[in-house]
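Report on the structure given below.
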Amino acid sequence: MKVLVVEDSPVIRQGLATGLRRSGFAVDVAGDGAEGLWRAESNTYDVIVLDIMLPKLDGWALLERIRARGDKTAVLILTAKDAVDDRVRGFDSGAQDYLIKPFAFEELLARVRSLCGRSFGLESKLARCGELVVDLSARRVMLGGRELDLARREFMLLEYILLRSGQVVSRTEVEAHLYDDANEITSNAVDATFARLRRKLEEFDDAPVIRTVRGMGWVLEQPAR
Amino acid sequence: MISLRDRLALTLALGAGVILVLAGVVMDRMLRVELVRRQDAALLARAWALANALRADDGAIELESTYGFDAALAGGEEPVLFQVWHQDGRVAGRSARMGHSALPQLEARLDAPVSADADLPGGIRGRAVGVRMQLVAEEAGEAERTLDHMDAEPALVRPVEELTIVLAQSLRDVESTMSEFRRGAFVVGAVTLTMGGLLLAWALRRGLAPLQRLAERAAALDTDSIGAGLGADALPVELEPIRNRFNELLARLHDGFERERRFNSAVSHELRTPIAELRTLVEVELLDRNSVAREAPLRMVLSVTQRMQALVEALMLLRRVETGESELPRTTCDVSQIVDETVEANRSTIAARGLTIDVHCTRPVIGETHRELFACAVRNLIANAVDHAPARSRVEIRLAAEAGRIRFEVANPAPDLEPGDVEHLLEPFWRKDRSRTDSVHAGLGLSITHAIARALELEFSASLSPEGDLHCALVAHGSRSRHA
């Protein structure tokens with residue numbers, strides 16, 4: 001899952017980026033509204049964490065601009081503005097959530113996870129595909145009653161293809177959702193991650209299968225009986 | 001407390017009454033003196049008339065009937081009495097109606113008649129006038145004597161002896177006139193006082209109406225409406241400088257309040273971002289599995305940060321409630337549930353401090369209020385009692401719905417508080433301990449409760465009982481409360 005953090009406070013911006021990355025998100029950051037708009041228009045994000053009082057272009061305008069071009073990316077407004085009018089305006093402008101500073105990082109994390117899940121039609125913190133159950137909140141993968149130990153990138157990949165299970169995901173989409181500006185993507189990074197994840201899943205009899213669709217991408221499917 | 005108008009009315013009415021009475025007394029005295037003077041003058045004229053009518057005839061004294069003395073003495077309703085004395089003190093004659101009674105013999109001189117009060121026969125109070133005359137005998141068959149030339153030496157008469165004539169008359173005519181005057185004066189005085197009183201009341205009401213309006217406006221002022229001042233409509237010239245000066249002071253006060261609110265708001269708002277930064281840094285650092293060694297200090301930093309955050313949020317809430325920034329929709333809620341939840345939330349502190357909590361409440365108590373704000377007020381009051389009551393003491397909580405009102409009261413021993421401290425309890429950041437060694441409490445809880453009470457139109461009171469217990473009570477009047 002990939003998150004864009006648009007926040008003018010460098011401390012909060014970097015703190016959020018670090019915390020979200022440690023929690024399994026790919027994170028891009030922007031220090032002002034103009035940069036945030038440029039990133040939102042040039043990339044695909046699962047959630048945008050948006051401050052309101054931003055230099056160059058404030059959060060309200062940024063939100064209106066991305067909604068005006070049909071972008072339905074979930075937006076969580078993170079601001080010190082706590083008046084009811086501001087909150088109402090936030091939701092009226094198309095934000096899905098509103099969190100007032102100061103905040104508990106755990107709460108922000110839970111809200112971002114919830115928004116990510118909802119953007120893929122998930123109603124709870126558990127995502128399933130056959131015997132495979134992924135607790136998105138606890139970041140645990142259970143398969144046939146056993147816990148599957150995955151590296152951070154492997155979990156991110158599994159989480160993404162699981163949320164899109166049954167759909168073919170392209171390399172571009174995987175790169176867009178798993179990697180951020182902080183990571184240099186090598187040419188075979190995605191292939192290598194898929195290969196490692198596939199090997200770990202194959203250790204289980206009832207594990208879902210990652211099938212390669214030549215020239216298009218990958219799809220997670222339930223095993224054939 | 002007596003009003004200025006009543007005091008003025010009373011003073012002016014008393015003053016007018018005293019002046020009227022004094023004026024009446026003076027007029028009474030003057031009128032009586034004048035009436036007596038006139039009676040004396042009339043008696044004196046008659047005395048001279050009598051003197052002119054007297055003739056000496058071979059040692060006897062005769063009264064010339066041609067002078068019409070009877071007619072002269074018969075004037076008025078009250079008869080005039082007379083008595084004449086020889087020079088040696090013998091009585092030469094007297095009024096027949098006196099019988100053997102006598103008039104007082106006044107010591108008059110030839111050139112100075114006298115008058116005095118006198119007791120007349122029959123015990124009647126009267127006035128007497130005395131004159132002294134020279135009785136003359138006729139020379140060559142004709143004697144002449146004049147009253148107008150008593151000091152001159154008569155040319156054709158021979159003085160025989162000096163006589164003393166005293167005329168007296170009852171004062172009943174005077175007293176009767178005085179009685180009529182007094183009756184009239186009393187009626188006039190009463191009517192004057194009544195009319196004057198009514199006029200005074202009307203004039204005072206009309207004259208003091210601007211002051212009354214000013215006082216009502218001043219009484220209606222509170223921190224929210226202070227900016228409106230005392231208005232700018234036309235006032236009497238005596239009040240305008242006061243009103244204008246007062247308005248200036250109120251405007252300054254209003255600006256001061258606004259500045260304080262803006263300052264609090266700005267400080268609180270501006271503190272949010274650094275607190276958010278600090279909290280984010282600490283919490284993200286705690287996510288790092290490699291930071292186990294630093295976890296304890298990081299958690300302490302987080303705790304301090306959270307306390308700062310709670311303080312800032314309390315200040316923001318206080319500002320919002322005080323400025324009426326937030327809408328306060330009322331909903332029906334179970335107030336007893338709020339109380340129970342709050343007591344439960346404080347259980348760990350209650351146990352740690354060994355407190356005994358007595359909750360007197362008939363559940364449920366349903367009322368219409370803004371649930372969140374009311375719950376905040378209840379939380380603050382209970383937390384205040386639980387945190388400040390001495391260890392192992394007893395805290396009493398009462399909730400009752402009666403006669404269309406809900407009363408919530410918390411009482412706890414407060415041995416450190418003095419009666420003079422109670423008025424400061426509602427001030428933001430006031431703490432009994434001036435050293436501020438208490439790092440947990442900021443002194444905002446009761447201020448916020450007070451502000452919430454104002455916003456929700458609740459009655460809030462804090463008092464110290466003679467036993468040293470602090471009683472804090474919230475009363476919701478006119479709410480549709482009931483015991484379900």
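Starting from 1 in every chain, residues are counted up; chains themselves are A, B, ... following the order of the structure tokens, and ligands are numbered from 1 as listed.
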Restrict the distance test to only C-alpha atoms, flag each residue of chain A within 7 Å of chain B, and return the flagged residues as a short mmCIF file (atom, residue, chain, number, x, y, z; two decimals) with N, CA and C atoms, in the first residue's frame.
```cif
data_model
loop_
_atom_site.label_atom_id
_atom_site.label_comp_id
_atom_site.auth_asym_id
_atom_site.auth_seq_id
_atom_site.Cartn_x
_atom_site.Cartn_y
_atom_site.Cartn_z
N VAL A 11 9.22 17.73 10.64
CA VAL A 11 9.31 16.71 11.68
C VAL A 11 8.15 15.72 11.56
N ILE A 12 6.95 16.26 11.42
CA ILE A 12 5.80 15.36 11.29
C ILE A 12 5.89 14.59 9.98
N GLY A 15 8.50 11.99 10.35
CA GLY A 15 8.06 11.04 11.37
C GLY A 15 6.99 10.12 10.82
N LEU A 16 6.02 10.69 10.12
CA LEU A 16 4.96 9.88 9.53
C LEU A 16 5.52 8.93 8.49
N THR A 18 8.53 7.71 8.27
CA THR A 18 9.28 6.63 8.92
C THR A 18 8.32 5.63 9.56
N GLY A 19 7.35 6.16 10.30
CA GLY A 19 6.42 5.27 11.00
C GLY A 19 5.60 4.43 10.03
N ALA A 80 -4.51 20.77 12.50
CA ALA A 80 -4.76 21.31 13.85
C ALA A 80 -6.08 22.04 13.91
N VAL A 84 -15.84 22.59 14.13
CA VAL A 84 -16.83 21.75 13.46
C VAL A 84 -16.94 22.14 11.99
N LYS A 101 -4.66 17.20 14.98
CA LYS A 101 -3.37 17.21 15.67
C LYS A 101 -3.54 17.78 17.07
N PRO A 102 -2.84 17.34 18.05
CA PRO A 102 -1.92 16.20 18.05
C PRO A 102 -2.71 14.89 18.00
N PHE A 103 -2.07 13.87 17.52
CA PHE A 103 -2.77 12.61 17.33
C PHE A 103 -1.87 11.47 17.81
N PHE A 105 -0.12 8.15 16.90
CA PHE A 105 0.30 7.55 15.64
C PHE A 105 -0.46 6.25 15.39
#
```
Among stretch 37-273 of chain B, which residues carry a DSSP assignment of strand (DSSP E or B), reported as a VMD selection string? chain B and resid 54 to 57 60 to 63 80 to 85 91 to 94 109 112 114 to 120 124 to 139 142 157 to 170
According to DSSP computed on the backbone, where in stretch 31-213 of chain A is there alpha helix (DSSP H)? Give the residues as a ChimeraX atom specification. /A:33-42,59-68,84-92,105-119,152-163,171-178,189-202
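Counting only C-alpha atoms, B:Ser176 has the following residues at most 12 Å away, ignoring those fewer than 4 positions along the same chain: Arg32, Leu35, Glu77, Glu78, Ser170, Leu171, Arg172, Glu180, Phe181, Arg182 and Arg183 of chain B.
Separating atom CA of A:Glu35 from atom CA of A:Val47 is a distance of 16.1 Å.
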Excluding A:Asp32 and residues on its chain fewer than 3 positions from it, collect all residues at most 9 Å away from it, counting only C-alpha atoms, and give them as a PyMOL selection string. chain A and resi 6-8+35-37+54-58
In Å and to one decimal, atom CA of B:Asn380 is distant from atom CA of B:Val301 by 25.0 Å
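We find atom CA of A:Ala104 and atom CA of B:Val304 to be spaced 13.6 Å apart.
Proximity ranking of B:Ala203, B:Arg363, B:Leu317, B:Glu396 relative to B:Ala377 places B:Leu317 first, based on only C-alpha atoms.
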